[in-house]
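Peer 1: For reference, the file structure.txt (compact mmCIF, C-alpha atoms) is included below:
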```
# COMPACT_ATOMS: atom_id res chain seq x y z
CA MET A 1 -18.96 -7.12 -13.86
CA HIS A 2 -19.35 -10.88 -13.97
CA ARG A 3 -22.41 -11.72 -11.91
CA GLU A 4 -20.85 -14.71 -10.19
CA HIS A 5 -17.99 -12.55 -8.90
CA LEU A 6 -20.39 -9.90 -7.61
CA ARG A 7 -22.51 -12.52 -5.84
CA GLU A 8 -19.37 -14.01 -4.33
CA ILE A 9 -18.30 -10.62 -2.97
CA GLU A 10 -21.79 -9.76 -1.74
CA GLU A 11 -22.14 -13.01 0.19
CA ALA A 12 -18.73 -12.55 1.77
CA LEU A 13 -19.24 -8.93 2.82
CA LYS A 14 -22.54 -9.72 4.57
CA LYS A 15 -20.63 -11.22 7.47
CA PRO A 16 -17.78 -9.70 9.51
CA PRO A 17 -14.40 -11.21 8.66
CA ASN A 18 -12.67 -13.43 11.18
CA LEU A 19 -9.40 -11.67 10.51
CA SER A 20 -6.51 -10.39 12.60
CA VAL A 21 -3.66 -8.48 10.96
CA VAL A 22 -0.37 -7.12 12.24
CA VAL A 23 0.83 -4.14 10.20
CA MET A 24 4.35 -2.70 10.28
CA PRO A 25 6.35 -0.47 10.60
CA ASP A 26 5.48 3.15 9.79
CA PHE A 27 3.31 6.06 10.81
CA PHE A 28 3.89 9.37 9.05
CA ILE A 29 2.39 12.74 9.86
CA ASP A 30 1.34 13.69 6.33
CA ARG A 31 0.82 17.16 4.99
CA ILE A 32 -0.98 16.75 1.65
CA VAL A 33 -0.70 19.69 -0.74
CA SER A 34 -3.18 19.48 -3.65
CA LEU A 35 -1.78 21.81 -6.27
CA ASN A 36 -4.20 21.20 -9.17
CA LEU A 37 -1.33 22.21 -11.44
CA SER A 38 1.00 20.37 -13.76
CA ALA A 39 4.64 20.18 -12.70
CA GLU A 40 5.51 22.70 -15.41
CA GLU A 41 2.88 25.19 -14.21
CA PHE A 42 4.00 24.84 -10.61
CA LEU A 43 7.68 25.31 -11.46
CA ALA A 44 6.82 28.44 -13.47
CA LYS A 45 5.03 29.89 -10.43
CA ILE A 46 7.97 29.00 -8.19
CA ALA A 47 10.44 30.60 -10.61
CA ASP A 48 8.34 33.76 -10.72
CA LYS A 49 8.25 34.02 -6.92
CA ILE A 50 11.99 33.41 -6.61
CA ALA A 51 12.66 36.11 -9.20
CA ARG A 52 10.61 38.48 -7.00
CA LYS A 53 12.67 37.40 -3.94
CA GLY A 54 9.84 35.29 -2.55
CA GLY A 55 6.12 35.50 -1.99
CA SER A 56 2.94 33.52 -1.45
CA ILE A 57 0.99 31.22 -3.74
CA ASP A 58 -2.58 31.29 -2.49
CA GLY A 59 -5.49 28.97 -3.13
CA VAL A 60 -3.51 25.78 -2.45
CA SER A 61 -5.60 23.15 -0.65
CA GLN A 62 -3.68 21.53 2.23
CA ALA A 63 -4.48 19.08 5.00
CA ILE A 64 -2.80 17.21 7.83
CA PHE A 65 -3.63 13.55 7.45
CA ARG A 66 -2.68 10.16 8.82
CA GLY A 67 0.21 8.77 6.82
CA GLY A 68 2.47 5.79 6.54
CA ASN A 69 1.64 2.63 4.65
CA ALA A 70 1.11 0.60 7.81
CA VAL A 71 -1.28 2.99 9.57
CA ASN A 72 -3.21 3.79 6.38
CA THR A 73 -3.64 0.06 5.74
CA ALA A 74 -4.62 -0.45 9.37
CA SER A 75 -7.34 2.19 9.06
CA ALA A 76 -8.73 0.62 5.88
CA LEU A 77 -8.68 -2.90 7.33
CA ALA A 78 -10.36 -1.84 10.56
CA LYS A 79 -13.15 -0.03 8.68
CA LEU A 80 -13.74 -3.31 6.82
CA GLY A 81 -14.10 -5.19 10.10
CA ALA A 82 -10.65 -6.66 10.71
CA LYS A 83 -8.86 -6.62 14.06
CA VAL A 84 -5.61 -4.76 13.50
CA THR A 85 -2.43 -4.41 15.53
CA PRO A 86 0.03 -1.77 14.28
CA ILE A 87 3.64 -2.24 15.35
CA VAL A 88 4.90 1.18 14.29
CA CYS A 89 7.20 3.90 15.58
CA THR A 90 6.58 7.61 16.15
CA ASP A 91 7.22 10.30 18.77
CA LYS A 92 5.07 11.63 21.65
CA LEU A 93 3.06 13.93 19.36
CA GLY A 94 2.71 11.13 16.83
CA ILE A 95 1.07 8.71 19.27
CA LYS A 96 -1.52 11.38 20.12
CA LEU A 97 -2.22 11.88 16.41
CA ILE A 98 -2.52 8.13 15.84
CA ARG A 99 -5.15 7.98 18.61
CA HIS A 100 -6.96 10.90 16.97
CA PHE A 101 -6.88 9.50 13.43
CA LEU A 102 -7.84 5.94 14.42
CA ARG A 103 -10.41 6.72 17.11
CA GLY A 104 -13.44 4.45 17.10
CA LEU A 105 -11.72 1.65 15.18
CA SER A 106 -10.87 -1.86 16.35
CA ILE A 107 -7.15 -1.19 16.48
CA SER A 108 -4.82 -2.06 19.35
CA LEU A 109 -2.25 0.70 19.94
CA SER A 110 -0.40 -1.07 22.75
CA HIS A 111 2.44 -2.01 20.38
CA VAL A 112 3.23 1.49 19.11
CA LYS A 113 6.86 2.41 19.80
CA VAL A 114 7.38 5.94 21.11
CA LYS A 115 10.79 7.05 19.81
CA PRO A 116 12.66 10.38 19.71
CA GLU A 117 11.65 11.46 16.20
CA ALA A 118 8.43 11.29 14.19
CA SER A 119 8.26 10.48 10.49
CA LEU A 120 6.99 13.39 8.41
CA THR A 121 5.87 13.70 4.78
CA THR A 122 4.88 16.62 2.61
CA ALA A 123 3.04 15.12 -0.36
CA LEU A 124 2.74 17.36 -3.43
CA GLU A 125 -0.09 16.22 -5.69
CA PHE A 126 0.22 17.32 -9.32
CA GLN A 127 -2.03 17.07 -12.34
CA ALA A 128 -0.62 14.82 -15.10
CA ASN A 129 -1.95 13.71 -18.47
CA TYR A 130 -2.94 10.35 -16.94
CA GLY A 131 -4.51 11.79 -13.79
CA LYS A 132 -2.92 12.76 -10.48
CA ALA A 133 0.70 12.15 -9.50
CA ASN A 134 2.26 12.63 -6.09
CA ILE A 135 5.79 13.54 -5.02
CA MET A 136 6.54 12.81 -1.37
CA LEU A 137 9.14 14.82 0.52
CA ARG A 138 10.02 12.72 3.56
CA SER A 139 11.79 13.01 6.87
CA LEU A 140 12.16 9.43 8.09
CA GLY A 141 12.81 10.15 11.75
CA SER A 142 13.23 7.09 13.99
CA LEU A 143 11.81 4.81 11.29
CA GLU A 144 15.21 4.97 9.60
CA SER A 145 16.83 2.84 12.32
CA PHE A 146 13.83 0.64 13.21
CA SER A 147 15.07 -2.93 13.65
CA PRO A 148 14.22 -6.35 15.12
CA GLU A 149 15.81 -5.15 18.36
CA ASP A 150 12.86 -2.77 18.81
CA LEU A 151 10.44 -5.69 19.11
CA ASN A 152 9.62 -7.15 22.52
CA GLU A 153 8.11 -10.45 23.60
CA SER A 154 4.58 -9.08 23.35
CA ASP A 155 5.22 -7.95 19.76
CA TRP A 156 6.52 -11.37 18.73
CA ARG A 157 3.48 -13.01 20.32
CA ALA A 158 1.14 -10.73 18.34
CA ILE A 159 3.06 -11.56 15.16
CA ALA A 160 2.75 -15.29 15.80
CA GLU A 161 -1.00 -15.09 16.47
CA ALA A 162 -1.96 -12.93 13.47
CA ASP A 163 -3.73 -14.30 10.39
CA TYR A 164 -1.71 -11.91 8.19
CA VAL A 165 1.50 -10.04 8.87
CA TYR A 166 1.86 -7.05 6.56
CA ILE A 167 5.11 -5.09 6.15
CA SER A 168 5.62 -2.08 3.94
CA ASN A 169 7.95 0.89 3.41
CA TRP A 170 11.11 -1.17 3.25
CA ALA A 171 13.14 1.80 1.97
CA GLY A 172 12.03 3.93 4.93
CA MET A 173 13.79 1.47 7.27
CA ARG A 174 17.02 2.64 5.71
CA MET A 175 19.42 0.86 8.04
CA TYR A 176 17.78 -2.46 8.99
CA GLY A 177 14.80 -2.91 6.68
CA THR A 178 15.88 -6.20 5.16
CA GLU A 179 16.89 -7.56 8.55
CA LEU A 180 13.52 -6.67 10.08
CA ILE A 181 11.47 -8.18 7.26
CA GLU A 182 13.59 -11.32 7.23
CA ALA A 183 13.38 -11.75 11.02
CA VAL A 184 9.62 -11.13 11.23
CA PHE A 185 8.64 -13.29 8.27
CA ARG A 186 10.96 -16.09 9.35
CA TYR A 187 9.33 -15.98 12.78
CA VAL A 188 5.89 -16.23 11.17
CA LYS A 189 7.02 -19.28 9.21
CA SER A 190 8.55 -21.00 12.24
CA HIS A 191 6.28 -19.91 15.11
CA GLY A 192 3.19 -18.33 13.57
CA ARG A 193 0.06 -19.47 11.81
CA GLY A 194 -0.56 -16.63 9.37
CA ARG A 195 0.49 -15.53 5.89
CA THR A 196 3.14 -12.94 5.08
CA TYR A 197 2.31 -9.94 2.90
CA LEU A 198 4.96 -7.54 1.58
CA ASP A 199 4.52 -4.20 -0.15
CA THR A 200 7.94 -2.55 -0.15
CA ALA A 201 6.58 0.77 -1.46
CA ASP A 202 8.99 2.83 -3.57
CA PRO A 203 12.36 1.06 -3.21
CA THR A 204 14.48 3.61 -5.07
CA PRO A 205 15.53 5.69 -2.01
CA ASN A 206 17.40 2.58 -0.79
CA MET A 207 18.10 0.96 -4.16
CA GLU A 208 21.66 -0.05 -3.34
CA LYS A 209 20.28 -2.57 -0.80
CA ALA A 210 17.60 -3.97 -3.12
CA PRO A 211 19.67 -6.95 -4.34
CA GLU A 212 20.08 -8.07 -0.72
CA LEU A 213 16.32 -7.75 -0.12
CA ILE A 214 15.58 -9.84 -3.19
CA LYS A 215 18.09 -12.54 -2.26
CA ARG A 216 17.34 -12.80 1.46
CA VAL A 217 13.57 -12.20 1.46
CA MET A 218 11.82 -12.33 -1.89
CA GLN A 219 13.48 -15.44 -3.29
CA THR A 220 13.57 -17.52 -0.10
CA GLY A 221 9.91 -18.42 0.35
CA LEU A 222 9.42 -16.01 3.26
CA VAL A 223 6.88 -13.91 1.33
CA ASP A 224 3.47 -15.40 0.55
CA ILE A 225 2.06 -12.33 -1.24
CA LEU A 226 4.12 -9.61 -2.92
CA SER A 227 2.14 -6.47 -3.78
CA LEU A 228 3.55 -4.17 -6.49
CA ASN A 229 2.59 -1.10 -8.46
CA GLU A 230 3.87 -0.26 -11.94
CA ASN A 231 7.11 1.41 -10.85
CA GLU A 232 7.98 -1.24 -8.28
CA ALA A 233 7.42 -4.10 -10.73
CA THR A 234 9.72 -2.49 -13.29
CA PHE A 235 12.35 -1.67 -10.67
CA TYR A 236 12.61 -5.21 -9.28
CA ALA A 237 12.69 -6.71 -12.77
CA SER A 238 15.61 -4.41 -13.54
CA GLN A 239 17.42 -5.77 -10.48
CA LEU A 240 17.12 -9.25 -11.98
CA ASN A 241 18.19 -7.97 -15.43
CA GLU A 242 14.75 -8.82 -16.80
CA VAL A 243 13.69 -5.41 -18.12
CA SER A 244 15.69 -6.02 -21.32
CA ASN A 245 13.26 -8.86 -22.04
CA CYS A 246 10.46 -6.28 -22.15
CA CYS A 247 11.96 -4.20 -24.96
CA GLY A 248 9.39 -2.87 -27.41
CA ILE A 249 6.70 -2.45 -24.75
CA LEU A 250 5.98 1.27 -24.57
CA ASN A 251 2.91 1.36 -22.35
CA GLN A 252 3.94 1.59 -18.68
CA GLU A 253 1.20 -0.72 -17.47
CA GLU A 254 1.89 -3.34 -20.15
CA LEU A 255 5.55 -3.16 -19.14
CA ALA A 256 4.61 -3.62 -15.48
CA LEU A 257 2.52 -6.69 -16.27
CA LYS A 258 5.32 -8.24 -18.31
CA CYS A 259 7.83 -7.48 -15.56
CA SER A 260 5.52 -8.95 -12.91
CA LYS A 261 5.20 -12.16 -14.91
CA LEU A 262 8.99 -12.37 -15.23
CA LEU A 263 9.46 -11.65 -11.51
CA SER A 264 7.01 -14.38 -10.54
CA LYS A 265 9.23 -16.92 -12.32
CA HIS A 266 12.07 -15.98 -9.98
CA MET A 267 10.04 -15.83 -6.76
CA PRO A 268 7.81 -18.43 -5.06
CA SER A 269 5.34 -15.79 -3.84
CA ARG A 270 2.07 -14.76 -5.42
CA VAL A 271 2.60 -11.41 -7.18
CA ASP A 272 -0.35 -9.01 -6.99
CA LEU A 273 -0.02 -6.03 -9.32
CA HIS A 274 -2.17 -2.91 -9.00
CA THR A 275 -2.06 -0.19 -11.64
CA THR A 276 -4.10 2.84 -12.63
CA SER A 277 -6.25 0.89 -15.10
CA PHE A 278 -6.17 -2.74 -13.92
CA SER A 279 -4.98 -5.16 -11.26
CA ALA A 280 -3.70 -8.68 -11.76
CA THR A 281 -2.61 -11.69 -9.75
CA ILE A 282 0.29 -13.73 -11.09
CA GLN A 283 2.02 -16.94 -10.07
CA SER A 284 4.87 -18.87 -11.72
CA GLY A 285 4.72 -16.58 -14.72
CA ASP A 286 0.99 -17.08 -15.34
CA VAL A 287 -1.70 -14.42 -14.96
CA LYS A 288 -4.40 -16.04 -12.85
CA ALA A 289 -6.81 -13.11 -13.10
CA MET A 290 -6.84 -9.51 -14.34
CA VAL A 291 -9.64 -7.00 -13.79
CA SER A 292 -10.23 -3.35 -14.68
CA THR A 293 -10.22 -0.59 -12.12
CA PHE A 294 -13.31 1.55 -11.52
CA PRO A 295 -13.79 4.76 -13.56
CA VAL A 296 -14.00 7.22 -10.67
CA LYS A 297 -12.78 10.79 -10.34
CA ALA A 298 -9.58 10.61 -8.29
CA LEU A 299 -9.58 13.31 -5.61
CA ARG A 300 -6.29 11.98 -4.19
CA VAL A 301 -3.64 9.42 -4.99
CA THR A 302 -1.67 9.33 -1.73
CA GLY A 303 -2.73 6.18 0.15
CA ALA A 304 -4.48 4.50 -2.79
CA GLY A 305 -2.16 1.49 -2.68
CA ASP A 306 -2.71 1.09 1.05
CA ALA A 307 -6.48 0.95 0.58
CA TRP A 308 -5.99 -1.55 -2.24
CA ASN A 309 -3.84 -3.78 -0.03
CA ALA A 310 -6.50 -3.74 2.69
CA GLY A 311 -9.16 -4.87 0.24
CA ASN A 312 -6.81 -7.49 -1.17
CA ILE A 313 -6.02 -8.93 2.27
CA LEU A 314 -9.73 -9.01 3.08
CA GLY A 315 -10.39 -10.88 -0.17
CA TYR A 316 -7.76 -13.46 0.71
CA ALA A 317 -9.21 -13.84 4.21
CA TYR A 318 -12.70 -14.44 2.78
CA GLY A 319 -11.27 -17.06 0.42
CA LEU A 320 -12.61 -15.25 -2.65
CA SER A 321 -11.70 -16.34 -6.16
CA ASP A 322 -8.82 -14.39 -7.68
CA ALA A 323 -11.04 -12.21 -9.89
CA ALA A 324 -13.50 -11.45 -7.08
CA ARG A 325 -10.65 -10.61 -4.72
CA LEU A 326 -9.14 -8.14 -7.21
CA ILE A 327 -12.54 -6.53 -7.82
CA LEU A 328 -12.96 -6.09 -4.06
CA ALA A 329 -9.48 -4.56 -3.73
CA ASN A 330 -10.17 -2.22 -6.66
CA ALA A 331 -13.48 -1.18 -5.10
CA VAL A 332 -11.94 -0.33 -1.71
CA ALA A 333 -9.23 1.74 -3.41
CA ALA A 334 -11.70 3.47 -5.77
CA TYR A 335 -14.02 4.39 -2.90
CA TYR A 336 -11.10 5.89 -0.99
CA ILE A 337 -9.59 7.96 -3.81
CA SER A 338 -13.02 9.32 -4.78
CA SER A 339 -14.18 10.08 -1.23
CA PRO A 340 -14.37 13.86 -0.63
CA SER A 341 -13.33 13.33 3.00
CA GLY A 342 -10.69 10.68 2.31
CA ASN A 343 -12.57 8.00 4.24
CA HIS A 344 -12.03 4.28 3.90
CA PRO A 345 -15.22 2.30 3.27
CA THR A 346 -17.01 -0.07 5.59
CA ARG A 347 -18.24 -3.40 4.23
CA ILE A 348 -21.73 -1.93 3.70
CA GLU A 349 -20.32 1.11 1.92
CA THR A 350 -18.24 -1.15 -0.29
CA LEU A 351 -21.35 -3.15 -1.20
CA LYS A 352 -23.24 0.03 -2.10
CA PHE A 353 -20.29 1.23 -4.17
CA LEU A 354 -20.17 -2.05 -6.09
CA ASP A 355 -23.91 -1.94 -6.65
CA GLY A 356 -23.50 1.37 -8.46
CA PHE A 357 -21.02 -0.18 -10.91
CA LYS A 358 -22.77 -3.41 -11.80
CA HIS A 359 -23.26 -2.81 -15.50
CA PRO A 360 -20.30 -0.67 -16.69
CA TYR A 361 -17.65 -2.77 -14.94
CA GLN A 362 -16.18 -5.43 -17.20
CA ASN A 363 -13.66 -8.18 -16.64
CA LYS A 364 -10.54 -7.55 -18.73
```
Step by step, read the file and then write its structure as structure tokens.

Peer 2:
Amino acid sequence: MHREHLREIEEALKKPPNLSVVVMPDFFIDRIVSLNLSAEEFLAKIADKIARKGGSIDGVSQAIFRGGNAVNTASALAKLGAKVTPIVCTDKLGIKLIRHFLRGLSISLSHVKVKPEASLTTALEFQANYGKANIMLRSLGSLESFSPEDLNESDWRAIAEADYVYISNWAGMRMYGTELIEAVFRYVKSHGRGRTYLDTADPTPNMEKAPELIKRVMQTGLVDILSLNENEATFYASQLNEVSNCCGILNQEELALKCSKLLSKHMPSRVDLHTTSFSATIQSGDVKAMVSTFPVKALRVTGAGDAWNAGNILGYAYGLSDAARLILANAVAAYYISSPSGNHPTRIETLKFLDGFKHPYQNK
């Protein structure tokens, strides 16, 4: 790790951030199933049970966990010292679970929308040759129809007063996702004082509406920071017919970086890419910084991107250099995925984590 970047992070994390963030729009009740099997091994077990007319597969670790990009990011940000306001929807059981999962954190729950149906996910975590992979089986519930009409005057005031307004899970807002993002980010630009941060999450469940999202939101200057993983970068480049320019690149992460650079030429926003082995920040086709991830044992993958976004937002709020900001984001994500209890780190815990990686961590 470059010493100047570590010193920069250490000095920043010594003091609480003066940071308020609005996060939207989802809370999921997650059931995480850790299979410790490859997809092929799991399918063989399933086929065997079906052939026997059913049966149990024992020894499968499972847990009920807080879910949803917005609430996971809220938890991570609050642990790092930010003041967070989730504007999310759930049902009567869901609001009780949110209070349980976020107890003790500086999070205002007065803007949670209690709707008829909760959002539910069963996340199947498989072993793959590159590590862990997750498949999420989702029931969207009331999130599917969440729209600007669900926001009241108090919500708009919170949006205007926030330092950062973060929206994710565009595809989960199946009916009005583009309209909500456009309305909220336009309001920030006209009435607010903060920056807009978009992580659409996996767009493929709503891919037919992706061209509209790109045209109305991503290319209009409404997004200050666009956060992408490998699959999302490749998907959006394909929507702009740019993937053909990446022919000959076989490595998925190299492809994602190339696609992110091409995307950034079509969009005024900063593009922040996070992958399994590195993260990078890109603007106008140029890579401003790229740093390696931390070599930790991943005990989970669900929620890793949310933790990364929290660390990234904190880095922006502290005014860190690009490389230092990416290192901080990588550290928050690495701590989370390697935590036996699935906890997000505090600032002090992040500092201790970084201290343990001083010498093996290298700038790419």

Peer 1: Applying 9 Å and all atoms listed in the file, which residues near segment 200-215 of chain A remain after dropping the ones on its own chain fewer than 4 positions away? List them as a list in words.

Peer 2: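 Here the answer would be Asn69, Ile167, Ser168, Asn169, Trp170, Ala171, Gly172, Met173, Arg174, Gly177, Thr178, Glu179, Ile181, Glu182, Gln219, Thr220, Leu226, Ser227, Leu228, Asn229, Asn231, Glu232, Phe235, Tyr236, Gln239, Leu240, Met267 and Gly305 of chain A.
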
Peer 1: Near Phe357 of chain A, counting only C-alpha atoms, which residues have an atom at most 12 Å away, once you skip same-chain residues fewer than 3 positions from it, shown as JSON, numbers by chain?

Peer 2: {"A": [1, 2, 3, 6, 292, 293, 294, 295, 296, 327, 330, 331, 334, 335, 350, 351, 352, 353, 354, 360, 361, 362]}

Peer 1: Which residue gives the smallest distance to His5 of chain A among A:Gln127, A:Ser338, A:Ser321, A:Asn134, with all atoms listed in the file counted?

Peer 2: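 The shortest atom-to-atom distance to His5 of chain A comes from A:Ser321.
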
Peer 1: Could you tell me which of A:Val23, A:Ala323, A:Met218, A:Ala256 comes closest to Ser269 of chain A if we count all atoms listed in the file?

Peer 2: A:Met218

Peer 1: Distance atom CA of Leu137 of chain A-atom CA of Ala304 of chain A, one decimal place?

Peer 2: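 Atom-to-atom, atom CA of Leu137 of chain A to atom CA of Ala304 of chain A, that is 17.4 Å.
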
Peer 1: Provide the atom CA of Ala158 of chain A to atom CA of Ala12 of chain A distance in Å, to one decimal place.

Peer 2: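 Going from atom CA of Ala158 of chain A over to atom CA of Ala12 of chain A covers 25.9 Å.
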
Peer 1: Point out the residue among A:Arg99, A:Lys258, A:Lys53, A:Lys115 with the least atom-to-atom distance to Ser75 of chain A, counting only C-alpha atoms.

Peer 2: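 Nearest candidate to Ser75 of chain A out of A:Arg99, A:Lys258, A:Lys53, A:Lys115: A:Arg99.
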
Peer 1: Give me the residues within 6 Å of Phe126 of chain A as a list in words, counting only C-alpha atoms and dropping any in the same chain fewer than 5 places off.

Peer 2: Leu35, Asn36, Leu37, Ser38, Lys132 and Ala133 of chain A

Peer 1: I'd like to know which of A:Ala289, A:Ile95, A:Ala76, A:Val21 is closest to Ala118 of chain A, using all atoms listed in the file.

Peer 2: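 The answer is A:Ile95, which sits nearest to Ala118 of chain A.
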
Peer 1: Nearest residue to Val217 of chain A out of A:Phe185, A:Leu80, A:Phe146, A:Thr90, using only C-alpha atoms?

Peer 2: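 With only C-alpha atoms as the atom set, the closest residue is A:Phe185.
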
Peer 1: Go through A:Thr122, A:Asn241, A:Thr85, A:Asn309 one by one, measure the shortest atom-to-atom distance of each to Ser279 of chain A using all atoms listed in the file, and give the residue with the smallest value.

Peer 2: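 Checking each candidate against Ser279 of chain A, we get A:Asn309 as the closest.
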
Peer 1: For atom CA of Arg270 of chain A and atom CA of Ser238 of chain A, quote the distance in Å rounded to one decimal.

Peer 2: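 Between these atoms lies a distance of 18.9 Å.
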